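Everything below belongs to protein_18.cif, which stores mmCIF, C-alpha atoms and all ligand atoms.
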```cif
data_run
#
loop_
_atom_site.group_PDB
_atom_site.id
_atom_site.type_symbol
_atom_site.label_atom_id
_atom_site.label_comp_id
_atom_site.auth_asym_id
_atom_site.auth_seq_id
_atom_site.Cartn_x
_atom_site.Cartn_y
_atom_site.Cartn_z
ATOM 1 C CA MET O 1 -12.145 -8.185 -6.123
ATOM 2 C CA ARG O 2 -9.912 -10.789 -7.719
ATOM 3 C CA ILE O 3 -10.571 -14.352 -6.670
ATOM 4 C CA VAL O 4 -10.281 -17.904 -7.903
ATOM 5 C CA LEU O 5 -13.140 -20.261 -7.168
ATOM 6 C CA LEU O 6 -12.001 -23.790 -6.361
ATOM 7 C CA GLY O 7 -13.958 -26.962 -5.747
ATOM 8 C CA PRO O 8 -14.732 -30.337 -7.268
ATOM 9 C CA PRO O 9 -16.967 -30.744 -10.329
ATOM 10 C CA GLY O 10 -20.553 -30.345 -9.150
ATOM 11 C CA ALA O 11 -19.682 -28.133 -6.167
ATOM 12 C CA GLY O 12 -21.674 -25.299 -7.738
ATOM 13 C CA LYS O 13 -18.802 -23.045 -8.863
ATOM 14 C CA GLY O 14 -20.507 -22.191 -12.148
ATOM 15 C CA SER O 15 -23.866 -21.427 -10.507
ATOM 16 C CA LEU O 16 -22.242 -19.281 -7.824
ATOM 17 C CA ALA O 17 -20.107 -17.400 -10.343
ATOM 18 C CA PHE O 18 -23.224 -16.761 -12.443
ATOM 19 C CA VAL O 19 -25.196 -15.284 -9.515
ATOM 20 C CA VAL O 20 -22.229 -13.226 -8.232
ATOM 21 C CA HIS O 21 -21.765 -11.814 -11.716
ATOM 22 C CA LYS O 22 -25.459 -10.988 -12.086
ATOM 23 C CA ARG O 23 -25.923 -9.382 -8.673
ATOM 24 C CA LEU O 24 -22.514 -7.950 -7.809
ATOM 25 C CA GLY O 25 -21.246 -7.271 -11.321
ATOM 26 C CA VAL O 26 -17.990 -9.193 -10.886
ATOM 27 C CA PRO O 27 -17.081 -10.642 -14.297
ATOM 28 C CA HIS O 28 -16.270 -14.344 -14.366
ATOM 29 C CA VAL O 29 -14.366 -16.616 -16.687
ATOM 30 C CA SER O 30 -14.811 -20.369 -16.856
ATOM 31 C CA THR O 31 -12.135 -22.351 -18.644
ATOM 32 C CA GLY O 32 -14.613 -25.209 -19.151
ATOM 33 C CA GLN O 33 -17.061 -22.821 -20.850
ATOM 34 C CA ILE O 34 -14.344 -21.391 -23.085
ATOM 35 C CA PHE O 35 -13.269 -24.886 -24.123
ATOM 36 C CA ARG O 36 -16.834 -26.081 -24.834
ATOM 37 C CA HIS O 37 -17.458 -22.949 -26.882
ATOM 38 C CA GLU O 38 -14.286 -23.508 -28.930
ATOM 39 C CA ILE O 39 -15.186 -27.184 -29.460
ATOM 40 C CA ARG O 40 -18.621 -26.194 -30.798
ATOM 41 C CA ARG O 41 -16.970 -23.639 -33.115
ATOM 42 C CA LYS O 42 -14.534 -26.335 -34.285
ATOM 43 C CA SER O 43 -11.707 -23.793 -33.898
ATOM 44 C CA ALA O 44 -8.037 -24.805 -33.769
ATOM 45 C CA LEU O 45 -8.140 -24.539 -29.967
ATOM 46 C CA GLY O 46 -11.376 -26.552 -29.886
ATOM 47 C CA ARG O 47 -9.748 -29.343 -31.887
ATOM 48 C CA ARG O 48 -6.758 -29.394 -29.546
ATOM 49 C CA VAL O 49 -8.793 -29.630 -26.339
ATOM 50 C CA GLY O 50 -11.754 -31.728 -27.557
ATOM 51 C CA ARG O 51 -10.464 -35.162 -26.632
ATOM 52 C CA TYR O 52 -9.468 -34.046 -23.123
ATOM 53 C CA VAL O 53 -12.780 -32.373 -22.367
ATOM 54 C CA SER O 54 -15.043 -35.169 -23.626
ATOM 55 C CA SER O 55 -13.193 -37.775 -21.561
ATOM 56 C CA GLY O 56 -12.931 -35.653 -18.402
ATOM 57 C CA ARG O 57 -9.119 -35.420 -18.501
ATOM 58 C CA LEU O 58 -7.262 -32.199 -17.831
ATOM 59 C CA VAL O 59 -6.063 -30.045 -20.694
ATOM 60 C CA PRO O 60 -2.242 -29.577 -20.397
ATOM 61 C CA ASP O 61 -1.203 -26.764 -18.057
ATOM 62 C CA SER O 62 0.755 -24.771 -20.636
ATOM 63 C CA LEU O 63 -2.248 -24.557 -22.961
ATOM 64 C CA VAL O 64 -4.746 -23.656 -20.214
ATOM 65 C CA VAL O 65 -2.451 -20.952 -18.808
ATOM 66 C CA GLN O 66 -1.963 -19.504 -22.291
ATOM 67 C CA VAL O 67 -5.751 -19.306 -22.821
ATOM 68 C CA MET O 68 -6.291 -17.708 -19.414
ATOM 69 C CA VAL O 69 -3.526 -15.135 -19.839
ATOM 70 C CA ALA O 70 -5.167 -14.000 -23.077
ATOM 71 C CA GLN O 71 -8.558 -13.753 -21.328
ATOM 72 C CA LEU O 72 -7.286 -11.774 -18.358
ATOM 73 C CA GLY O 73 -5.697 -9.216 -20.650
ATOM 74 C CA LYS O 74 -9.201 -8.113 -21.739
ATOM 75 C CA GLN O 75 -10.428 -4.737 -20.558
ATOM 76 C CA ARG O 76 -13.524 -6.120 -18.837
ATOM 77 C CA PHE O 77 -11.343 -7.915 -16.286
ATOM 78 C CA ALA O 78 -9.245 -4.858 -15.415
ATOM 79 C CA LYS O 79 -11.287 -4.045 -12.287
ATOM 80 C CA GLY O 80 -11.675 -7.569 -10.964
ATOM 81 C CA PHE O 81 -12.666 -11.131 -11.783
ATOM 82 C CA MET O 82 -13.762 -14.460 -10.502
ATOM 83 C CA LEU O 83 -12.102 -17.462 -12.118
ATOM 84 C CA ASP O 84 -14.144 -20.645 -12.254
ATOM 85 C CA GLY O 85 -12.432 -23.965 -12.923
ATOM 86 C CA PHE O 86 -8.967 -22.419 -13.079
ATOM 87 C CA PRO O 87 -6.432 -23.115 -11.694
ATOM 88 C CA ARG O 88 -6.900 -26.877 -11.392
ATOM 89 C CA THR O 89 -3.266 -27.792 -10.664
ATOM 90 C CA LYS O 90 -0.371 -26.320 -8.730
ATOM 91 C CA GLY O 91 1.396 -25.633 -12.030
ATOM 92 C CA GLN O 92 -1.548 -23.553 -13.257
ATOM 93 C CA ALA O 93 -1.691 -21.681 -9.940
ATOM 94 C CA ALA O 94 1.994 -20.799 -10.267
ATOM 95 C CA GLY O 95 1.451 -19.715 -13.897
ATOM 96 C CA LEU O 96 -1.443 -17.471 -12.844
ATOM 97 C CA ASP O 97 0.621 -15.961 -10.031
ATOM 98 C CA ARG O 98 3.433 -15.078 -12.397
ATOM 99 C CA VAL O 99 1.100 -13.215 -14.722
ATOM 100 C CA LEU O 100 -0.796 -11.380 -11.973
ATOM 101 C CA THR O 101 2.430 -10.365 -10.231
ATOM 102 C CA ARG O 102 3.791 -9.004 -13.499
ATOM 103 C CA ARG O 103 0.594 -7.000 -13.981
ATOM 104 C CA ARG O 104 0.606 -5.905 -10.307
ATOM 105 C CA LEU O 105 -2.841 -7.396 -9.750
ATOM 106 C CA PRO O 106 -2.420 -9.843 -6.862
ATOM 107 C CA LEU O 107 -5.205 -12.261 -5.946
ATOM 108 C CA ASP O 108 -7.420 -11.435 -2.962
ATOM 109 C CA GLY O 109 -8.236 -15.041 -2.251
ATOM 110 C CA ALA O 110 -8.830 -18.612 -3.343
ATOM 111 C CA VAL O 111 -12.333 -19.667 -2.333
ATOM 112 C CA TYR O 112 -12.882 -23.386 -1.974
ATOM 113 C CA LEU O 113 -16.484 -24.542 -2.342
ATOM 114 C CA THR O 114 -17.031 -27.845 -0.523
ATOM 115 C CA SER O 115 -19.694 -30.587 -0.844
ATOM 116 C CA PRO O 116 -19.780 -34.291 0.077
ATOM 117 C CA GLU O 117 -19.126 -36.683 -2.817
ATOM 118 C CA PRO O 118 -22.587 -38.360 -3.021
ATOM 119 C CA LEU O 119 -24.091 -34.892 -3.471
ATOM 120 C CA LEU O 120 -21.579 -34.068 -6.233
ATOM 121 C CA VAL O 121 -22.533 -37.241 -8.127
ATOM 122 C CA ARG O 122 -26.269 -36.470 -7.782
ATOM 123 C CA ARG O 123 -25.757 -32.914 -8.992
ATOM 124 C CA LEU O 124 -23.618 -33.869 -11.979
ATOM 125 C CA SER O 125 -25.754 -36.763 -13.159
ATOM 126 C CA GLY O 126 -28.930 -34.633 -13.081
ATOM 127 C CA ARG O 127 -27.320 -31.535 -14.553
ATOM 128 C CA ARG O 128 -28.523 -30.121 -17.866
ATOM 129 C CA ILE O 129 -27.006 -27.148 -19.651
ATOM 130 C CA CYS O 130 -28.249 -24.786 -22.305
ATOM 131 C CA VAL O 131 -26.548 -25.392 -25.654
ATOM 132 C CA ARG O 132 -26.479 -21.662 -26.353
ATOM 133 C CA CYS O 133 -25.879 -19.655 -23.133
ATOM 134 C CA GLU O 134 -24.557 -22.497 -20.921
ATOM 135 C CA ALA O 135 -27.033 -21.754 -18.091
ATOM 136 C CA ASN O 136 -27.221 -24.694 -15.680
ATOM 137 C CA TYR O 137 -30.319 -26.644 -14.637
ATOM 138 C CA HIS O 138 -31.025 -29.823 -12.706
ATOM 139 C CA ILE O 139 -33.721 -32.352 -13.509
ATOM 140 C CA ARG O 140 -34.987 -32.340 -9.896
ATOM 141 C CA THR O 141 -33.662 -29.347 -8.009
ATOM 142 C CA MET O 142 -33.428 -26.582 -10.634
ATOM 143 C CA LYS O 143 -36.019 -27.320 -13.276
ATOM 144 C CA PRO O 144 -36.516 -24.942 -16.198
ATOM 145 C CA LYS O 145 -39.967 -23.381 -16.606
ATOM 146 C CA ARG O 146 -40.489 -25.265 -19.883
ATOM 147 C CA VAL O 147 -39.247 -28.870 -20.054
ATOM 148 C CA GLY O 148 -35.994 -29.169 -22.018
ATOM 149 C CA ARG O 149 -35.752 -25.428 -22.788
ATOM 150 C CA CYS O 150 -33.597 -22.683 -21.302
ATOM 151 C CA ASP O 151 -35.399 -19.970 -19.277
ATOM 152 C CA ASN O 152 -32.998 -17.271 -20.540
ATOM 153 C CA CYS O 153 -32.838 -17.953 -24.269
ATOM 154 C CA ALA O 154 -35.277 -20.868 -24.974
ATOM 155 C CA ALA O 155 -32.503 -22.948 -26.557
ATOM 156 C CA ARG O 156 -32.308 -26.724 -26.022
ATOM 157 C CA LEU O 157 -31.031 -28.221 -22.737
ATOM 158 C CA VAL O 158 -28.612 -31.150 -22.975
ATOM 159 C CA THR O 159 -26.489 -33.398 -20.774
ATOM 160 C CA ARG O 160 -22.813 -32.526 -20.971
ATOM 161 C CA LYS O 161 -20.742 -35.304 -22.521
ATOM 162 C CA ASP O 162 -18.523 -35.398 -19.459
ATOM 163 C CA ASP O 163 -21.527 -35.753 -17.118
ATOM 164 C CA GLN O 164 -21.964 -39.426 -18.073
ATOM 165 C CA PRO O 165 -21.594 -41.693 -14.965
ATOM 166 C CA ALA O 166 -18.199 -43.229 -15.900
ATOM 167 C CA THR O 167 -16.729 -39.832 -16.779
ATOM 168 C CA ILE O 168 -18.097 -38.280 -13.591
ATOM 169 C CA ARG O 169 -16.223 -40.844 -11.512
ATOM 170 C CA GLN O 170 -13.035 -40.226 -13.503
ATOM 171 C CA ARG O 171 -13.325 -36.437 -13.050
ATOM 172 C CA LEU O 172 -13.915 -36.715 -9.307
ATOM 173 C CA ARG O 173 -10.933 -39.072 -8.873
ATOM 174 C CA LEU O 174 -8.671 -36.770 -10.830
ATOM 175 C CA ASP O 175 -9.899 -33.701 -9.016
ATOM 176 C CA HIS O 176 -9.214 -35.310 -5.652
ATOM 177 C CA LYS O 177 -5.633 -36.017 -6.680
ATOM 178 C CA ASN O 178 -4.961 -32.480 -7.945
ATOM 179 C CA THR O 179 -6.810 -30.537 -5.279
ATOM 180 C CA LYS O 180 -4.628 -31.328 -2.263
ATOM 181 C CA PRO O 181 -1.432 -29.668 -3.562
ATOM 182 C CA LEU O 182 -3.496 -26.791 -4.963
ATOM 183 C CA LEU O 183 -5.124 -26.090 -1.599
ATOM 184 C CA ALA O 184 -1.734 -26.388 0.124
ATOM 185 C CA TYR O 185 -0.330 -23.865 -2.367
ATOM 186 C CA TYR O 186 -2.936 -21.222 -1.457
ATOM 187 C CA GLN O 187 -2.889 -22.104 2.229
ATOM 188 C CA ARG O 188 0.842 -21.396 2.374
ATOM 189 C CA ARG O 189 0.221 -17.976 0.893
ATOM 190 C CA GLY O 190 -2.528 -17.228 3.413
ATOM 191 C CA LEU O 191 -5.105 -16.959 0.623
ATOM 192 C CA LEU O 192 -7.334 -19.972 1.211
ATOM 193 C CA TYR O 193 -10.985 -19.570 2.300
ATOM 194 C CA GLU O 194 -13.703 -22.201 2.467
ATOM 195 C CA ILE O 195 -17.430 -21.976 1.776
ATOM 196 C CA ASN O 196 -19.899 -24.763 2.423
ATOM 197 C CA GLY O 197 -21.631 -25.458 -0.908
ATOM 198 C CA VAL O 198 -24.362 -27.755 0.459
ATOM 199 C CA GLY O 199 -27.964 -26.699 -0.077
ATOM 200 C CA HIS O 200 -29.652 -24.319 -2.482
ATOM 201 C CA ILE O 201 -27.503 -21.895 -4.482
ATOM 202 C CA GLU O 202 -29.030 -18.981 -2.505
ATOM 203 C CA ARG O 203 -27.471 -20.370 0.679
ATOM 204 C CA ALA O 204 -24.049 -20.689 -0.945
ATOM 205 C CA TYR O 205 -24.462 -17.158 -2.306
ATOM 206 C CA ALA O 206 -25.291 -15.772 1.157
ATOM 207 C CA ARG O 207 -22.200 -17.472 2.609
ATOM 208 C CA ALA O 208 -20.068 -16.125 -0.238
ATOM 209 C CA VAL O 209 -21.293 -12.542 0.221
ATOM 210 C CA ALA O 210 -20.620 -12.771 3.974
ATOM 211 C CA LEU O 211 -17.054 -13.835 3.184
ATOM 212 C CA PHE O 212 -16.510 -11.163 0.508
ATOM 213 C CA GLU O 213 -17.837 -8.416 2.802
ATOM 214 C CA GLY O 214 -16.006 -9.748 5.848
ATOM 215 C CA GLN O 215 -12.712 -9.649 3.965
ATOM 216 C CA GLY O 216 -13.417 -6.197 2.572
ATOM 217 C CA TRP O 217 -13.352 -7.481 -1.041
ATOM 218 C CA ILE O 218 -16.736 -5.862 -1.680
ATOM 219 C CA ARG O 219 -18.598 -3.072 0.122
ATOM 220 C CA PRO O 220 -21.434 -4.161 2.423
ATOM 221 C CA ALA O 221 -24.820 -3.862 0.666
ATOM 222 C CA GLY O 222 -26.524 -0.512 1.103
ATOM 223 C CA ARG O 223 -23.323 1.472 1.691
ATOM 224 C CA ALA O 224 -22.071 3.968 -0.850
HETATM 225 P P1 LIG Y 301 -15.598 -27.676 -16.179
HETATM 226 O O1 LIG Y 301 -16.659 -27.011 -16.979
HETATM 227 O O2 LIG Y 301 -14.861 -26.721 -15.268
HETATM 228 O O3 LIG Y 301 -16.097 -28.893 -15.433
HETATM 229 O O4 LIG Y 301 -14.482 -28.193 -17.222
HETATM 230 C C1 LIG Y 301 -14.815 -29.143 -18.212
HETATM 231 C C2 LIG Y 301 -13.542 -29.782 -18.753
HETATM 232 O O5 LIG Y 301 -12.707 -28.779 -19.365
HETATM 233 C C3 LIG Y 301 -12.639 -30.446 -17.709
HETATM 234 O O6 LIG Y 301 -13.057 -31.776 -17.412
HETATM 235 C C4 LIG Y 301 -11.292 -30.429 -18.444
HETATM 236 O O7 LIG Y 301 -11.228 -31.405 -19.467
HETATM 237 C C5 LIG Y 301 -11.325 -29.059 -19.120
HETATM 238 N N1 LIG Y 301 -10.812 -28.009 -18.217
HETATM 239 C C6 LIG Y 301 -11.503 -26.945 -17.715
HETATM 240 N N2 LIG Y 301 -10.733 -26.178 -16.941
HETATM 241 C C7 LIG Y 301 -9.504 -26.761 -16.942
HETATM 242 C C8 LIG Y 301 -8.273 -26.455 -16.318
HETATM 243 N N3 LIG Y 301 -8.131 -25.386 -15.522
HETATM 244 N N4 LIG Y 301 -7.220 -27.286 -16.549
HETATM 245 C C9 LIG Y 301 -7.327 -28.358 -17.356
HETATM 246 N N5 LIG Y 301 -8.462 -28.719 -17.965
HETATM 247 C C10 LIG Y 301 -9.554 -27.927 -17.773
#
```

Can you give me the file's structure in the form of structure tokens?
Ligand code: AMP
Amino acid sequence: MRIVLLGPPGAGKGSLAFVVHKRLGVPHVSTGQIFRHEIRRKSALGRRVGRYVSSGRLVPDSLVVQVMVAQLGKQRFAKGFMLDGFPRTKGQAAGLDRVLTRRRLPLDGAVYLTSPEPLLVRRLSGRRICVRCEANYHIRTMKPKRVGRCDNCAARLVTRKDDQPATIRQRLRLDHKNTKPLLAYYQRRGLLYEINGVGHIERAYARAVALFEGQGWIRPAGRA
């Protein structure tokens, strides 16, 4: 299946993409993860996007589309993908469409993960991520087995720079502004689907699988 996962920061896109990848084998790409990785490496791309990412502003469309086009050309995405955090604007959505149409790989759907704003703020302010593998934790609802250490790779857990309270508010405001035209874009094409992201990740996962199976994007579990 080929889908884009939409939703505000804190909606649980990253967590859902992680579980879908692990259990259903659908590879995922997160633009945010790529950018943070490049910033840590101090690469040319990292230097270009650093000031946008740390302040919660959007990286310019042309640059993001360029990075994504390069990613989607990789062999591991030939059979399908789940994009997390991209597209964020109508311009990016149009850029993605152009590339996928050229490659004759149309999108199956745009899945919008919803959550009320107070919950988004609680999730983001308590979020911790692994400095090495980027696994997500939460100080109350998704604690690691060992305090401050990642369950997968034992590396240190940190607060993302853009999860500071002032930056969270800025990101949510910006997201609100950009989301409406983006949702309208996919709605017009008959590609928009919604999943309620409230509750534990397992509940969001169950709702996602029901949607994927219902649409015929994946085979129902247990069938050959
Ligand atoms: P995320 O991990 O998805 O919350 O993204 C972290 C940050 O990376 C965002 O606040 C932006 O600065 C940047 N970013 C990620 N994806 C995009 C995108 N599709 N367009 C523009 N900026 C992005």

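Minimum atom-to-atom distances from O:Ala78, O:Ala17, O:Lys161, O:Thr101 to Ala208 in chain O were compared using only C-alpha atoms, and the lowest value belongs to O:Ala17.
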
Answer as a CSV table (one decimal) with C-alpha atoms, in the frame of the given file, residues within 9 Å of (-12.7, -21.1, -0.5) using all atoms listed in the file:
```
chain,number,residue,atom,x,y,z
O,4,VAL,CA,-10.3,-17.9,-7.9
O,5,LEU,CA,-13.1,-20.3,-7.2
O,6,LEU,CA,-12.0,-23.8,-6.4
O,7,GLY,CA,-14.0,-27.0,-5.7
O,109,GLY,CA,-8.2,-15.0,-2.3
O,110,ALA,CA,-8.8,-18.6,-3.3
O,111,VAL,CA,-12.3,-19.7,-2.3
O,112,TYR,CA,-12.9,-23.4,-2.0
O,113,LEU,CA,-16.5,-24.5,-2.3
O,114,THR,CA,-17.0,-27.8,-0.5
O,191,LEU,CA,-5.1,-17.0,0.6
O,192,LEU,CA,-7.3,-20.0,1.2
O,193,TYR,CA,-11.0,-19.6,2.3
O,194,GLU,CA,-13.7,-22.2,2.5
O,195,ILE,CA,-17.4,-22.0,1.8
O,196,ASN,CA,-19.9,-24.8,2.4
O,208,ALA,CA,-20.1,-16.1,-0.2
```

* To do: For ligand LIG 301 (chain Y), list the contacting residues at 8 Å or closer, counting only C-alpha atoms and all ligand atoms, as a ChimeraX atom specification.
  => /O:9-10,14,30-33,35-36,49,52-61,64-65,84-89,92,162,171

* **Given all atoms listed in the file as the counted atoms, nearest of O:Gly199, O:Arg76, O:Arg188, O:Ala155 to Glu134 in chain O** => O:Ala155

* So which residues get picked by the PyMOL selection byres (((chain O and resi 163) around 12) and not hetatm) here, written as a ChimeraX atom specification? -> /O:9-10,53-56,120-129,158-162,164-172

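In terms of minimum interatomic distance to Tyr137 in chain O, O:Ile201 ranks closest within O:Gly190, O:Val26, O:Ser62, O:Ile201, counting only C-alpha atoms.
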
* One decimal, Å: what's the distance from CA of His176 in chain O over to CA of Pro8 in chain O, could you say? => 7.6 Å

* Could you please determine the separation between CA of Leu63 in chain O and CA of Ala184 in chain O in Å, to one decimal place? => 23.2 Å

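Listed by chain and then by number, the residues chosen by the PyMOL selection byres (((chain O and resi 72) around 10) and not hetatm) in this file are Val29, Val67, Met68, Val69, Ala70, Gln71, Gly73, Lys74, Gln75, Arg76, Phe77, Ala78, Gly80, Phe81, Leu83, Leu96, Val99 and Leu100 of chain O.
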
* To do: Could you jot down the CA of Leu107 in chain O to CA of Ala135 in chain O separation for me, Å, one decimal place?
  => 26.7 Å

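For Cys133 in chain O, the residues within 8 Å (counting all atoms listed in the file, excluding itself and residues fewer than 3 positions away along the chain) are Cys130, Asn152 and Cys153 of chain O.
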
* Which residue gives the smallest distance to Gly197 in chain O among O:Leu119, O:Cys150, O:Leu45, O:Ala210, with all atoms listed in the file counted? -> O:Leu119

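The closest residue to Gly216 in chain O, picked from O:Arg51, O:Arg2, O:Arg203, O:Arg149 and counting all atoms listed in the file, is O:Arg2.
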
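Considering only C-alpha atoms, the residue among O:Leu16, O:Met1, O:Leu24, O:His37 positioned nearest to Arg207 in chain O is O:Leu16.
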
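Omitting Asp97 in chain O and its sequence neighbours fewer than 6 positions away, and counting all atoms listed in the file, the residues within 10 Å are Gly91, Arg103, Leu105, Pro106 and Leu107 of chain O.
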